[in-house]
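Reviewing the structure listed below.
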Amino acid sequence: MKTPRHRPRLTQAARPATFLVDAHDETGQHRPTPIAGEHPLTLYVDKREVLTMMTLGAAPEALAIGFLRNQRLVKSIEEIVSVQVDWDVGAVAVKTRSGLADLEARTAKRTATTGCGQGTVFGDLMEDIESIHLPADARLDEETLFGLLNNVRLHESIYKEAGAVHGCALAKGSEILVFVEDVGRHNAVDAIAGWMWLEGVDGSDKVFYTTGRLTSEMVIKAAQMGIPFLVSRSGLTKMGHEIARQVGLTLIGRAVNRRYLLFTGAGRFVRNAAPEKA
């Protein structure tokens, strides 16, 4: 591979890939569990804000450069003077040699993609987080959870036929009220939110299930829908965990068959009584 003659000045600000959090498994045993990192990183070009990306943080400088390249906002690496990442403020500042012409016009029309990597609505979602109050008296018992997981398993789905999609379900107890699949999990979440508005369905006694990982946006959207229980067959991110604790949402991950990990909101979850030993 040919090394370019010009190399911008770069910070080396990679974040840890995983973080350890406490969880309890289906037997009630304490299990410290690694979860993926997730961090908001706002991109500035020549002191002008472009967008906020959600990232693992493994290569933030390369991420910023690659975004500018793939969006055709810069034509060559020679145009970039420096890329400086500051995690204290969650920002990456890119300085270019001669500026980007018509940046506002070139970024005004954005298409919401189906990819999992970027959260361009992160700032808007976070603005109202402190006003969300989920019902403290809602309860979900273990057998109901197992029933829901079984119903999801039996549900006919595009994933079984073709793969490459995410599925989301809204349930009351173990009964699936609506099941939506899409190529992006956020599209499926938004479709269910729209269905709830159209049908006048309240979320305070509902369970939201997703096949995708539990990121900050997934947690915030469930909370904004007024749903106190969020369940996934996948894992979660550090920021998803933090925001779930902040809003008091009951978060259950790696839920398959009769196994799960309860991460937050244990006060709403009712475990089965352990069988007495003979």
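Ligands are numbered from 1 in the order shown, chains are lettered A, B, ... in the order of the structure tokens, and residues start at 1 in each chain.
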Contacts of segment 96-105 of chain A within 12 Å, only C-alpha atoms, excl. fewer than 2 positions in-chain, as number ranges by chain: A: 8-9, 44-51, 65, 68, 71-84, 93-94, 107-110
I need the chosen residues saved as a PDB file, in the first residue's frame, with C-alpha atoms.
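Result file out_4.pdb:
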ATOM      1  CA  PRO A   8      -2.527  15.356   8.844  1.00  0.00           C
ATOM      2  CA  ARG A   9      -1.623  16.057  12.450  1.00  0.00           C
ATOM      3  CA  TYR A  44     -16.575  20.072  13.510  1.00  0.00           C
ATOM      4  CA  VAL A  45     -14.944  21.191  10.278  1.00  0.00           C
ATOM      5  CA  ASP A  46     -13.172  24.522  10.479  1.00  0.00           C
ATOM      6  CA  LYS A  47     -15.148  25.305  13.656  1.00  0.00           C
ATOM      7  CA  ARG A  48     -18.484  24.566  11.995  1.00  0.00           C
ATOM      8  CA  GLU A  49     -20.606  21.729  13.358  1.00  0.00           C
ATOM      9  CA  VAL A  50     -21.463  19.016  10.844  1.00  0.00           C
ATOM     10  CA  LEU A  51     -23.135  16.184  12.779  1.00  0.00           C
ATOM     11  CA  ILE A  65     -11.592  11.474   7.845  1.00  0.00           C
ATOM     12  CA  LEU A  68     -15.567  13.435   5.026  1.00  0.00           C
ATOM     13  CA  GLN A  71     -19.565  12.150   1.855  1.00  0.00           C
ATOM     14  CA  ARG A  72     -17.296  13.748  -0.757  1.00  0.00           C
ATOM     15  CA  LEU A  73     -16.801  16.792   1.421  1.00  0.00           C
ATOM     16  CA  VAL A  74     -13.043  16.636   0.847  1.00  0.00           C
ATOM     17  CA  LYS A  75     -11.359  15.490  -2.343  1.00  0.00           C
ATOM     18  CA  SER A  76      -8.022  14.316  -0.962  1.00  0.00           C
ATOM     19  CA  ILE A  77      -6.113  13.764   2.256  1.00  0.00           C
ATOM     20  CA  GLU A  78      -3.932  16.749   1.328  1.00  0.00           C
ATOM     21  CA  GLU A  79      -6.871  19.058   2.077  1.00  0.00           C
ATOM     22  CA  ILE A  80      -6.890  18.040   5.757  1.00  0.00           C
ATOM     23  CA  VAL A  81      -4.422  19.836   8.019  1.00  0.00           C
ATOM     24  CA  SER A  82      -5.294  18.244  11.375  1.00  0.00           C
ATOM     25  CA  VAL A  83      -7.794  16.040  13.193  1.00  0.00           C
ATOM     26  CA  GLN A  84      -8.030  16.587  16.949  1.00  0.00           C
ATOM     27  CA  ALA A  93     -12.182  19.081  15.195  1.00  0.00           C
ATOM     28  CA  VAL A  94     -10.993  18.906  11.598  1.00  0.00           C
ATOM     29  CA  THR A 107     -25.052  18.982   4.107  1.00  0.00           C
ATOM     30  CA  ALA A 108     -28.537  20.525   4.320  1.00  0.00           C
ATOM     31  CA  LYS A 109     -30.259  17.563   2.653  1.00  0.00           C
ATOM     32  CA  ARG A 110     -29.420  14.464   4.652  1.00  0.00           C
TER      33      ARG A 110
END
Looking at only C-alpha atoms, which of A:Asn187, A:Thr11, A:Thr210, A:Thr18 is the one that sits closest to Ser234 of chain A?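 Of A:Asn187, A:Thr11, A:Thr210, A:Thr18, the one nearest Ser234 of chain A, counting only C-alpha atoms, is A:Thr210.
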Hey, what's within 7 Å of Leu262 of chain A if we count only C-alpha atoms and toss same-chain stuff fewer than 6 positions away? As a list of chain:residue names, please?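 Non-adjacent residues within range: A:Ala23, A:His24, A:Asp25, A:Leu251, A:Ile252, A:Gly253.
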Report as a PyMOL selection string all protein, DNA and RNA residues lying within 7 Å of Ile132 of chain A, evaluated on only C-alpha atoms, omitting residues in the same chain fewer than 6 positions from it. chain A and resi 223-224+247
Name the residues of segment 12-219 of chain A that come out as helix (DSSP H, G or I) in a backbone DSSP run; write them as an MDAnalysis selection string. chainID A and resid 60:70 77:79 103:107 122:127 129:131 142:154 158:162 185:199 216:219
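Relative to atom CA of Asn272 of chain A, atom CA of Gly28 of chain A is found at 10.1 Å.
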As an NGL selection string, please: every residue in segment 93-267 of chain A that DSSP puts in strand (DSSP E or B). :A and (93-96 or 140-141 or 166-172 or 175-182 or 207-210 or 214 or 229-232 or 236-237 or 250-256 or 259-264)
Neighbouring residues of Val231 of chain A were defined as those with any atom within 12 Å, considering only C-alpha atoms; residues of the same chain fewer than 5 positions away were excluded. Please report them as a PyMOL selection string. chain A and resi 140+145-146+148-149+152+167-171+206-215+218-219+222+236+244+249-256+259-265
Store the residues picked out above, limited to C-alpha atoms, as a PDB file, in the first residue's frame.
ATOM      1  CA  LEU A 140     -42.658  -8.098  34.603  1.00  0.00           C
ATOM      2  CA  LEU A 145     -40.541 -12.935  29.929  1.00  0.00           C
ATOM      3  CA  PHE A 146     -39.905 -16.557  28.959  1.00  0.00           C
ATOM      4  CA  LEU A 148     -42.565 -13.591  25.273  1.00  0.00           C
ATOM      5  CA  LEU A 149     -39.189 -14.968  24.156  1.00  0.00           C
ATOM      6  CA  VAL A 152     -40.897 -14.195  19.367  1.00  0.00           C
ATOM      7  CA  GLY A 167     -37.053  -7.212  14.227  1.00  0.00           C
ATOM      8  CA  CYS A 168     -38.904  -5.356  16.973  1.00  0.00           C
ATOM      9  CA  ALA A 169     -42.033  -6.301  18.875  1.00  0.00           C
ATOM     10  CA  LEU A 170     -44.405  -4.512  21.215  1.00  0.00           C
ATOM     11  CA  ALA A 171     -45.965  -6.853  23.749  1.00  0.00           C
ATOM     12  CA  LYS A 206     -45.876  -2.802  27.676  1.00  0.00           C
ATOM     13  CA  VAL A 207     -42.631  -4.618  26.882  1.00  0.00           C
ATOM     14  CA  PHE A 208     -40.469  -3.693  23.905  1.00  0.00           C
ATOM     15  CA  TYR A 209     -38.387  -6.451  22.313  1.00  0.00           C
ATOM     16  CA  THR A 210     -35.649  -5.984  19.737  1.00  0.00           C
ATOM     17  CA  THR A 211     -33.203  -8.263  17.984  1.00  0.00           C
ATOM     18  CA  GLY A 212     -30.642  -5.477  17.867  1.00  0.00           C
ATOM     19  CA  ARG A 213     -28.166  -4.280  20.447  1.00  0.00           C
ATOM     20  CA  LEU A 214     -29.324  -1.827  23.089  1.00  0.00           C
ATOM     21  CA  THR A 215     -27.681   1.468  22.204  1.00  0.00           C
ATOM     22  CA  MET A 218     -32.781   2.498  21.443  1.00  0.00           C
ATOM     23  CA  VAL A 219     -33.054   3.159  25.182  1.00  0.00           C
ATOM     24  CA  ALA A 222     -38.263   3.208  24.308  1.00  0.00           C
ATOM     25  CA  LEU A 236     -25.841  -3.401  25.058  1.00  0.00           C
ATOM     26  CA  ALA A 244     -31.324   3.225  31.165  1.00  0.00           C
ATOM     27  CA  LEU A 249     -35.825   1.709  32.542  1.00  0.00           C
ATOM     28  CA  THR A 250     -35.674  -2.049  33.103  1.00  0.00           C
ATOM     29  CA  LEU A 251     -33.073  -3.354  30.663  1.00  0.00           C
ATOM     30  CA  ILE A 252     -32.725  -7.066  29.870  1.00  0.00           C
ATOM     31  CA  GLY A 253     -30.144  -8.280  27.358  1.00  0.00           C
ATOM     32  CA  ARG A 254     -28.870 -11.536  25.854  1.00  0.00           C
ATOM     33  CA  ALA A 255     -32.361 -12.957  26.315  1.00  0.00           C
ATOM     34  CA  VAL A 256     -32.741 -16.274  24.485  1.00  0.00           C
ATOM     35  CA  ARG A 259     -31.567 -17.281  29.656  1.00  0.00           C
ATOM     36  CA  TYR A 260     -31.124 -13.555  30.126  1.00  0.00           C
ATOM     37  CA  LEU A 261     -29.085 -10.873  31.846  1.00  0.00           C
ATOM     38  CA  LEU A 262     -30.884  -8.228  33.920  1.00  0.00           C
ATOM     39  CA  PHE A 263     -28.845  -5.026  33.755  1.00  0.00           C
ATOM     40  CA  THR A 264     -30.987  -2.214  35.186  1.00  0.00           C
ATOM     41  CA  GLY A 265     -34.382  -1.644  36.817  1.00  0.00           C
TER      42      GLY A 265
END
Between atom CA of Val270 of chain A and atom CA of Arg139 of chain A, what is the distance, to one decimal in Å?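 Between atom CA of Val270 of chain A and atom CA of Arg139 of chain A the gap is 7.0 Å.
Shortest separation to Glu130 of chain A among A:Ile220, A:Pro32, A:Asn70, A:Gly194 occurs at residue A:Ile220, atoms counted being only C-alpha atoms.
Residues in contact with Asp190 of chain A at 10 Å, where only C-alpha atoms are counted and same-chain residues fewer than 4 positions away are skipped, are listed as Cys168, Val180, Arg185, His186, Gly194, Trp195, Met196, Lys221, Ala222 and Met225 of chain A.
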